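The next block holds one structure in the form of structure tokens; read it before the comments.
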There are 4 protein chains.
Amino acid sequence: MTGLRLLMAGGLLVLLASFITMQNKKVVFFGDSITQAAVNPGGYIVKISELAANDNLAGQFDFIGAGIGGNKIYDLYLRIEEDVLSRNPQIVIVYVGVNDVWHKRTSGTGTDLDKFEKFYTAVIKKLKDKNCKVALCTPAAIGERTDFSNELDGDLNNYAKVIRNLAKNNNLPLIDLRKAFLDYNLRENKENKESGILTTDRVHLNEKGNQLVADEMWKVIKSL
Amino acid sequence: MTGLRLLMAGGLLVLLASFITMQNKKVVFFGDSITQAAVNPGGYIVKISELAANDNLAGQFDFIGAGIGGNKIYDLYLRIEEDVLSRNPQIVIVYVGVNDVWHKRTSGTGTDLDKFEKFYTAVIKKLKDKNCKVALCTPAAIGERTDFSNELDGDLNNYAKVIRNLAKNNNLPLIDLRKAFLDYNLRENKENKESGILTTDRVHLNEKGNQLVADEMWKVIKSL
Amino acid sequence: MTGLRLLMAGGLLVLLASFITMQNKKVVFFGDSITQAAVNPGGYIVKISELAANDNLAGQFDFIGAGIGGNKIYDLYLRIEEDVLSRNPQIVIVYVGVNDVWHKRTSGTGTDLDKFEKFYTAVIKKLKDKNCKVALCTPAAIGERTDFSNELDGDLNNYAKVIRNLAKNNNLPLIDLRKAFLDYNLRENKENKESGILTTDRVHLNEKGNQLVADEMWKVIKSL
Amino acid sequence: MTGLRLLMAGGLLVLLASFITMQNKKVVFFGDSITQAAVNPGGYIVKISELAANDNLAGQFDFIGAGIGGNKIYDLYLRIEEDVLSRNPQIVIVYVGVNDVWHKRTSGTGTDLDKFEKFYTAVIKKLKDKNCKVALCTPAAIGERTDFSNELDGDLNNYAKVIRNLAKNNNLPLIDLRKAFLDYNLRENKENKESGILTTDRVHLNEKGNQLVADEMWKVIKSL
């Protein structure tokens, strides 16, 4: 092979390589109504693309919402093939748990803690088997009071602990939204209000809640 | 080919055919604590093998229990690969639904009706995709009173209706245990007792309950 | 005393007596949101006054609503002095039970069956101690399906049975709305609808529901 | 009146006064299963009489248990005449709230927070109308973990807050068992166990729990 040919071949490789690196990383946000709303203007997924743009990384990511209202961990498991794996994402952010706790009270159809862990483990396994990078979020809040008098705080703390352990035991990055929300409320919610600081209704995110979630997630996503 | 050779080849074919038909059909019973107990002496699976023996069909079936206490429809879905499909059964009897209703009251962790249908549909699909013959059972009882004053009768009737529709829409045989139990109690439970007729504790089967379930199931299994 | 004076005195007595008998009987309807709405146009209490007028008995009754939304049997007990006894009614119609069952599912705050009976017994005792004539109503419906597949049918039937027994054991007239509603729906609700026949929303009365309740109650009230 | 007579009259008054002061103060403990068990050996009421004896005040008090298993605030209201007021106590310790929260989860029959406050207010009024001195206890625990991950911590904290406010607004001494238990567990429950520190089963008192309750109550009782 002549020098020229070598040069051309080398050039092709560079082109190919840059083409490959130019392919965006797909990030799927896998969750419930909070994530379903996150693709709307002001939603946390939209805000994450803004953060990516600010960091001049916009061209490197595709951000895809896969949230469905009312979903619990076993609902994620049921639709993981169709809604996540079929998209071949590089990164999946799992953000679930509020309904698993909340529905115990509202409709008698929450998720037992041991089954929550079992299905969550199965979800992680499916994602790892497809070589997805996975980050886990704790559920942020059902009520924003800071003195642990939100009705479901005890139970929600328990489910958050399970997720923290799953992250640790599976060596996965943790996005500890529950801690982030509590810290923020301890600073900003001096009147011990139930909602209106980071949520509109104790659960769903307002402007500041979406920003906080976006900030916490983006820190992790860009490090992956 | 000479006549002798033809004869020999024919004999081989007969042998082969009889060998094939001599392979037992695997029947997996897929369910909750009621099915978990059914492999014990006096249990309905044991009684079904007795019925098969009476019909001189003992050699044609392997009866395999795959029941786990506390299971709801989504638990079946989670373990269907490992506990059912991996065994390559020819026939699968799905018998679930009590906990989906009952746990609403006892622990706030029942299954919403629409999700019950969704997961049940997914279970049927997995079984059909593997060419299993499938029969569906309605949940027999949570309480044996005949005047519809068992606390959860309304809800349980609703879940039974979903299963009846799934059987119909999927062209699957239905083993309507709920109807069979009610009919039996209308005849035999003149004092309108809550338990003790076919169940020990409103839910789990006594001797007669196991026999009734075995009779109803065997009729369907041998027809498949 | 002369004959004339005697005559005049006698006339006065007659006048007085007729004045006394002309005092209206106070009828208090003691219940929950269904009764709270019953004083509105088209409500069952309004319809009962129309029925009384049709029977030329309008002048003999005062119909008083004492219903408060969300009330269970123990709420009635708490406010019986202030809202019922303080009015010195001759007749009290107790119509409660839906929330005692319903709130188990919606908020985890229903009433245990044994406590329902205990508080109901205490309510009856308070009314009897004040010499009120008392009639008891069974809760009509939480869902109008006729095949006992309304979610809470079993439980509601149980509470209705307790009320029937209380009426029997205390020799009180029973207004069996649950039976009346079921009979009506068996005739008129051929499509097995959940609501829209006698209720607007499975529980609260539409025009026909108010009429049926009024008819059933008026039969009893005018006989007291 | 002569000096002698005056002297005699004075002596009588002194006798009478000492007779009056020698009458024991009746203290009724009004509550649920925790109080029902408190009259048994090692129970907190037995321990309080020991504390009284240690302080040489044994002769001044009669300690009477009026606890019934499963009681919620409205059950106390129902039986207050018969079980408390009829005994003409000088002091009543109200200790309730666990079942109002707990039964939401176990049987769907807890007490709504607003109704809890309403019935509690009615209980206080009945006691004050009879000139009883009243002290209020917060419910100690449903689970002893110190990181607010006991399932019902949030709800229980809320009910405790209502009781603290009722004490404050009614100028009644507060026996803040919930705070005492949490403080004790923060010191002694380093492993964040769910039970076994002050309770046997997350709710009912072990030896140390009974002692802590007795200590906290006795401080208040002897000051009344």
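Chain lettering (A, B, ...) mirrors the order of the structure tokens, residue numbering begins at 1 for each chain separately, and ligand numbering begins at 1 in order of display.
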Original post:
Counting only C-alpha atoms, what is within 9 Å of Gly143 of chain D, bar same-chain residues fewer than 4 positions away, as number ranges by chain?
Top reply: D: 149-153, 193-195, 199, 201-203
Store the residues picked out above, limited to C-alpha atoms, as a PDB file, in the first residue's frame.
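Output file part_19.pdb follows:
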ATOM      1  CA  SER D 149     -38.162   5.239  58.472  1.00  0.00           C
ATOM      2  CA  ASN D 150     -40.799   3.538  60.606  1.00  0.00           C
ATOM      3  CA  GLU D 151     -43.624   3.118  58.144  1.00  0.00           C
ATOM      4  CA  LEU D 152     -46.135   5.271  60.005  1.00  0.00           C
ATOM      5  CA  ASP D 153     -43.794   7.881  61.481  1.00  0.00           C
ATOM      6  CA  LYS D 193     -33.747  -1.411  65.456  1.00  0.00           C
ATOM      7  CA  GLU D 194     -37.462  -1.457  64.870  1.00  0.00           C
ATOM      8  CA  SER D 195     -38.300  -2.881  68.301  1.00  0.00           C
ATOM      9  CA  THR D 199     -41.208  -1.939  72.988  1.00  0.00           C
ATOM     10  CA  ASP D 201     -43.284  -5.347  69.026  1.00  0.00           C
ATOM     11  CA  ARG D 202     -42.839  -1.734  67.864  1.00  0.00           C
ATOM     12  CA  VAL D 203     -45.905  -0.640  69.868  1.00  0.00           C
TER      13      VAL D 203
END
Original post:
What lies within 10 Å of Leu212 of chain C using only C-alpha atoms, ignoring chain neighbours under 4 positions off, as number ranges by chain?
Top reply: C: 44, 47, 177, 180-181, 184, 198, 205-208, 216-218
Store the residues picked out above, limited to N, CA and C atoms, as an mmCIF file, in the first residue's frame.
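Result saved to result-v1.cif:
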data_model
loop_
_atom_site.group_PDB
_atom_site.id
_atom_site.type_symbol
_atom_site.label_atom_id
_atom_site.label_comp_id
_atom_site.auth_asym_id
_atom_site.auth_seq_id
_atom_site.Cartn_x
_atom_site.Cartn_y
_atom_site.Cartn_z
ATOM 1 N N TYR C 44 -84.672 14.373 48.608
ATOM 2 C CA TYR C 44 -85.695 13.450 49.109
ATOM 3 C C TYR C 44 -86.515 14.042 50.237
ATOM 4 N N LYS C 47 -89.100 16.137 48.594
ATOM 5 C CA LYS C 47 -90.101 15.256 47.982
ATOM 6 C C LYS C 47 -91.035 14.653 49.038
ATOM 7 N N LEU C 177 -83.535 0.512 52.212
ATOM 8 C CA LEU C 177 -83.192 1.161 50.944
ATOM 9 C C LEU C 177 -82.281 0.283 50.090
ATOM 10 N N ALA C 180 -84.505 -2.014 48.328
ATOM 11 C CA ALA C 180 -85.319 -1.267 47.363
ATOM 12 C C ALA C 180 -84.497 -0.890 46.135
ATOM 13 N N PHE C 181 -83.269 -0.448 46.368
ATOM 14 C CA PHE C 181 -82.414 -0.050 45.247
ATOM 15 C C PHE C 181 -82.044 -1.266 44.390
ATOM 16 N N TYR C 184 -85.075 -2.331 42.347
ATOM 17 C CA TYR C 184 -85.295 -1.367 41.266
ATOM 18 C C TYR C 184 -84.285 -1.589 40.135
ATOM 19 N N LEU C 198 -80.243 5.231 39.712
ATOM 20 C CA LEU C 198 -80.790 5.908 40.893
ATOM 21 C C LEU C 198 -79.773 6.849 41.525
ATOM 22 N N LEU C 205 -77.784 10.527 45.188
ATOM 23 C CA LEU C 205 -79.055 10.243 44.522
ATOM 24 C C LEU C 205 -79.326 11.174 43.359
ATOM 25 N N ASN C 206 -79.783 10.615 42.252
ATOM 26 C CA ASN C 206 -80.325 11.450 41.186
ATOM 27 C C ASN C 206 -81.827 11.637 41.452
ATOM 28 N N GLU C 207 -82.503 12.247 40.495
ATOM 29 C CA GLU C 207 -83.944 12.524 40.621
ATOM 30 C C GLU C 207 -84.736 11.269 41.034
ATOM 31 N N LYS C 208 -84.517 10.189 40.312
ATOM 32 C CA LYS C 208 -85.272 8.968 40.605
ATOM 33 C C LYS C 208 -84.868 8.343 41.930
ATOM 34 N N GLU C 216 -90.154 5.394 49.930
ATOM 35 C CA GLU C 216 -89.933 4.377 50.965
ATOM 36 C C GLU C 216 -90.030 4.971 52.363
ATOM 37 N N MET C 217 -89.473 6.166 52.518
ATOM 38 C CA MET C 217 -89.488 6.774 53.853
ATOM 39 C C MET C 217 -90.883 7.240 54.241
ATOM 40 N N TRP C 218 -91.596 7.819 53.279
ATOM 41 C CA TRP C 218 -92.899 8.396 53.590
ATOM 42 C C TRP C 218 -93.887 7.320 54.051
#
**OP:** Taking the DSSP assignment computed from this structure's backbone, write out as an MDAnalysis selection string all residues of chain D that belong to helix (DSSP H, G or I).
**Re:** chainID D and resid 3:22 33:39 44:54 58:60 73:83 85:87 98:106 113:129 153:169 177:188 207:221
Store the residues picked out above, limited to C-alpha atoms, as a CSV table (one decimal), in the first residue's frame.
chain,number,residue,atom,x,y,z
D,3,GLY,CA,-64.1,30.2,123.8
D,4,LEU,CA,-64.5,26.5,124.5
D,5,ARG,CA,-67.1,26.1,121.8
D,6,LEU,CA,-64.9,27.9,119.4
D,7,LEU,CA,-62.0,25.7,120.2
D,8,MET,CA,-64.1,22.6,119.7
D,9,ALA,CA,-65.5,23.9,116.4
D,10,GLY,CA,-62.0,24.7,115.3
D,11,GLY,CA,-60.9,21.2,116.2
D,12,LEU,CA,-63.7,19.7,114.2
D,13,LEU,CA,-62.7,21.8,111.2
D,14,VAL,CA,-59.1,20.6,111.4
D,15,LEU,CA,-60.3,17.0,111.7
D,16,LEU,CA,-62.6,17.5,108.8
D,17,ALA,CA,-59.9,19.1,106.7
D,18,SER,CA,-57.5,16.3,107.5
D,19,PHE,CA,-60.2,13.8,106.7
D,20,ILE,CA,-60.7,15.4,103.3
D,21,THR,CA,-57.0,15.5,102.5
D,22,MET,CA,-56.7,11.9,103.6
D,33,SER,CA,-54.1,-1.9,74.9
D,34,ILE,CA,-50.9,-0.3,76.2
D,35,THR,CA,-52.9,1.0,79.2
D,36,GLN,CA,-54.9,-2.2,79.5
D,37,ALA,CA,-51.6,-4.1,80.0
D,38,ALA,CA,-50.3,-1.4,82.4
D,39,VAL,CA,-52.1,-2.9,85.4
D,44,TYR,CA,-46.5,1.3,83.9
D,45,ILE,CA,-49.4,1.8,86.3
D,46,VAL,CA,-47.9,-0.6,88.7
D,47,LYS,CA,-44.6,1.2,88.4
D,48,ILE,CA,-46.3,4.5,89.1
D,49,SER,CA,-47.6,3.2,92.4
D,50,GLU,CA,-44.1,2.1,93.2
D,51,LEU,CA,-42.8,5.6,92.4
D,52,ALA,CA,-45.5,7.1,94.6
D,53,ALA,CA,-44.5,4.8,97.4
D,54,ASN,CA,-40.8,5.8,97.0
D,58,ALA,CA,-48.6,6.1,98.2
D,59,GLY,CA,-51.5,6.9,100.6
D,60,GLN,CA,-52.6,9.8,98.5
D,73,ILE,CA,-60.2,8.4,70.4
D,74,TYR,CA,-63.8,7.9,69.5
D,75,ASP,CA,-64.0,4.7,71.5
D,76,LEU,CA,-62.8,6.6,74.5
D,77,TYR,CA,-65.5,9.2,73.9
D,78,LEU,CA,-68.2,6.4,73.7
D,79,ARG,CA,-67.3,4.9,77.1
D,80,ILE,CA,-66.1,8.0,79.0
D,81,GLU,CA,-69.3,8.3,81.1
D,82,GLU,CA,-69.3,4.7,82.2
D,83,ASP,CA,-65.6,4.0,82.5
D,85,LEU,CA,-66.7,10.0,84.8
D,86,SER,CA,-68.8,7.5,86.9
D,87,ARG,CA,-65.7,7.0,89.0
D,98,VAL,CA,-51.6,4.6,68.1
D,99,ASN,CA,-54.7,2.7,66.8
D,100,ASP,CA,-56.1,5.9,65.1
D,101,VAL,CA,-53.0,5.8,62.9
D,102,TRP,CA,-52.1,2.1,62.8
D,103,HIS,CA,-55.6,0.8,61.8
D,104,LYS,CA,-55.5,2.8,58.6
D,105,ARG,CA,-52.9,0.3,57.4
D,106,THR,CA,-54.0,-2.9,59.1
D,113,LEU,CA,-56.9,13.7,61.6
D,114,ASP,CA,-59.7,16.3,61.7
D,115,LYS,CA,-62.0,13.8,63.4
D,116,PHE,CA,-59.3,12.8,65.8
D,117,GLU,CA,-59.0,16.4,66.9
D,118,LYS,CA,-62.8,16.8,67.1
D,119,PHE,CA,-63.3,13.7,69.3
D,120,TYR,CA,-60.3,14.5,71.4
D,121,THR,CA,-61.6,18.0,72.0
D,122,ALA,CA,-65.0,16.4,73.1
D,123,VAL,CA,-63.2,14.1,75.5
D,124,ILE,CA,-61.3,17.0,77.1
D,125,LYS,CA,-64.6,19.0,77.4
D,126,LYS,CA,-66.4,16.1,79.2
D,127,LEU,CA,-63.5,15.8,81.6
D,128,LYS,CA,-63.2,19.5,82.3
D,129,ASP,CA,-67.0,19.8,82.8
D,153,ASP,CA,-43.8,7.9,61.5
D,154,GLY,CA,-45.1,10.7,59.3
D,155,ASP,CA,-48.7,10.1,60.2
D,156,LEU,CA,-48.0,9.5,63.9
D,157,ASN,CA,-46.0,12.7,64.1
D,158,ASN,CA,-49.0,14.5,62.8
D,159,TYR,CA,-51.3,13.1,65.4
D,160,ALA,CA,-48.8,13.9,68.1
D,161,LYS,CA,-48.7,17.5,66.9
D,162,VAL,CA,-52.5,17.7,67.2
D,163,ILE,CA,-52.2,16.5,70.8
D,164,ARG,CA,-49.4,19.0,71.6
D,165,ASN,CA,-51.6,21.8,70.3
D,166,LEU,CA,-54.7,20.6,72.2
D,167,ALA,CA,-52.6,20.5,75.4
D,168,LYS,CA,-51.3,24.0,74.8
D,169,ASN,CA,-54.7,25.5,73.7
D,177,LEU,CA,-44.0,10.2,75.3
D,178,ARG,CA,-43.3,10.4,71.6
D,179,LYS,CA,-40.5,12.8,72.2
D,180,ALA,CA,-39.3,10.9,75.2
D,181,PHE,CA,-39.2,7.7,73.3
D,182,LEU,CA,-37.3,9.3,70.3
D,183,ASP,CA,-34.8,10.9,72.6
D,184,TYR,CA,-34.2,7.6,74.4
D,185,ASN,CA,-33.8,5.7,71.2
D,186,LEU,CA,-31.4,8.3,69.7
D,187,ARG,CA,-29.2,7.5,72.8
D,188,GLU,CA,-29.7,3.8,73.2
D,207,GLU,CA,-39.9,-3.4,80.9
D,208,LYS,CA,-37.9,-0.3,80.0
D,209,GLY,CA,-40.7,1.2,78.1
D,210,ASN,CA,-43.1,0.8,81.0
D,211,GLN,CA,-40.5,2.4,83.3
D,212,LEU,CA,-40.0,5.4,81.0
D,213,VAL,CA,-43.7,5.9,80.7
D,214,ALA,CA,-44.1,5.6,84.4
D,215,ASP,CA,-41.3,8.1,85.1
D,216,GLU,CA,-42.7,10.6,82.6
D,217,MET,CA,-46.2,10.3,83.9
D,218,TRP,CA,-45.3,10.4,87.6
D,219,LYS,CA,-43.5,13.7,87.2
D,220,VAL,CA,-46.7,15.2,85.9
D,221,ILE,CA,-49.1,13.4,88.2
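Near chain B, the residues of chain A that fall inside 6 Å (using only C-alpha atoms) are Lys104, Gly108, Thr109, Gly110 and Thr111 of chain A.
Note that atom CA of Gly43 of chain B and atom CA of Phe148 of chain B are 27.2 Å apart.
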Original post:
Mind checking DSSP for segment 101-164 of chain B and telling me the strand (DSSP E) residues as a PyMOL selection string?
Top reply: chain B and resi 133-137
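Using only C-alpha atoms, the protein and nucleic acid residues lying no more than 10 Å from Lys26 of chain C, apart from those fewer than 6 places from it along its own chain, are Gln60, Phe61, Asp62, Phe63, Ile64, Arg87, Asn88, Pro89, Gln90, Ile91, Val92 and Cys132 of chain C.
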Original post:
By how many Å are atom CA of Ala66 of chain B and atom CA of Asp32 of chain B apart?
Top reply: 8.1 Å
**OP:** Quote the spacing between atom CA of Val134 of chain A and atom CA of Ile197 of chain A in Å to one decimal place.
**Re:** 28.8 Å
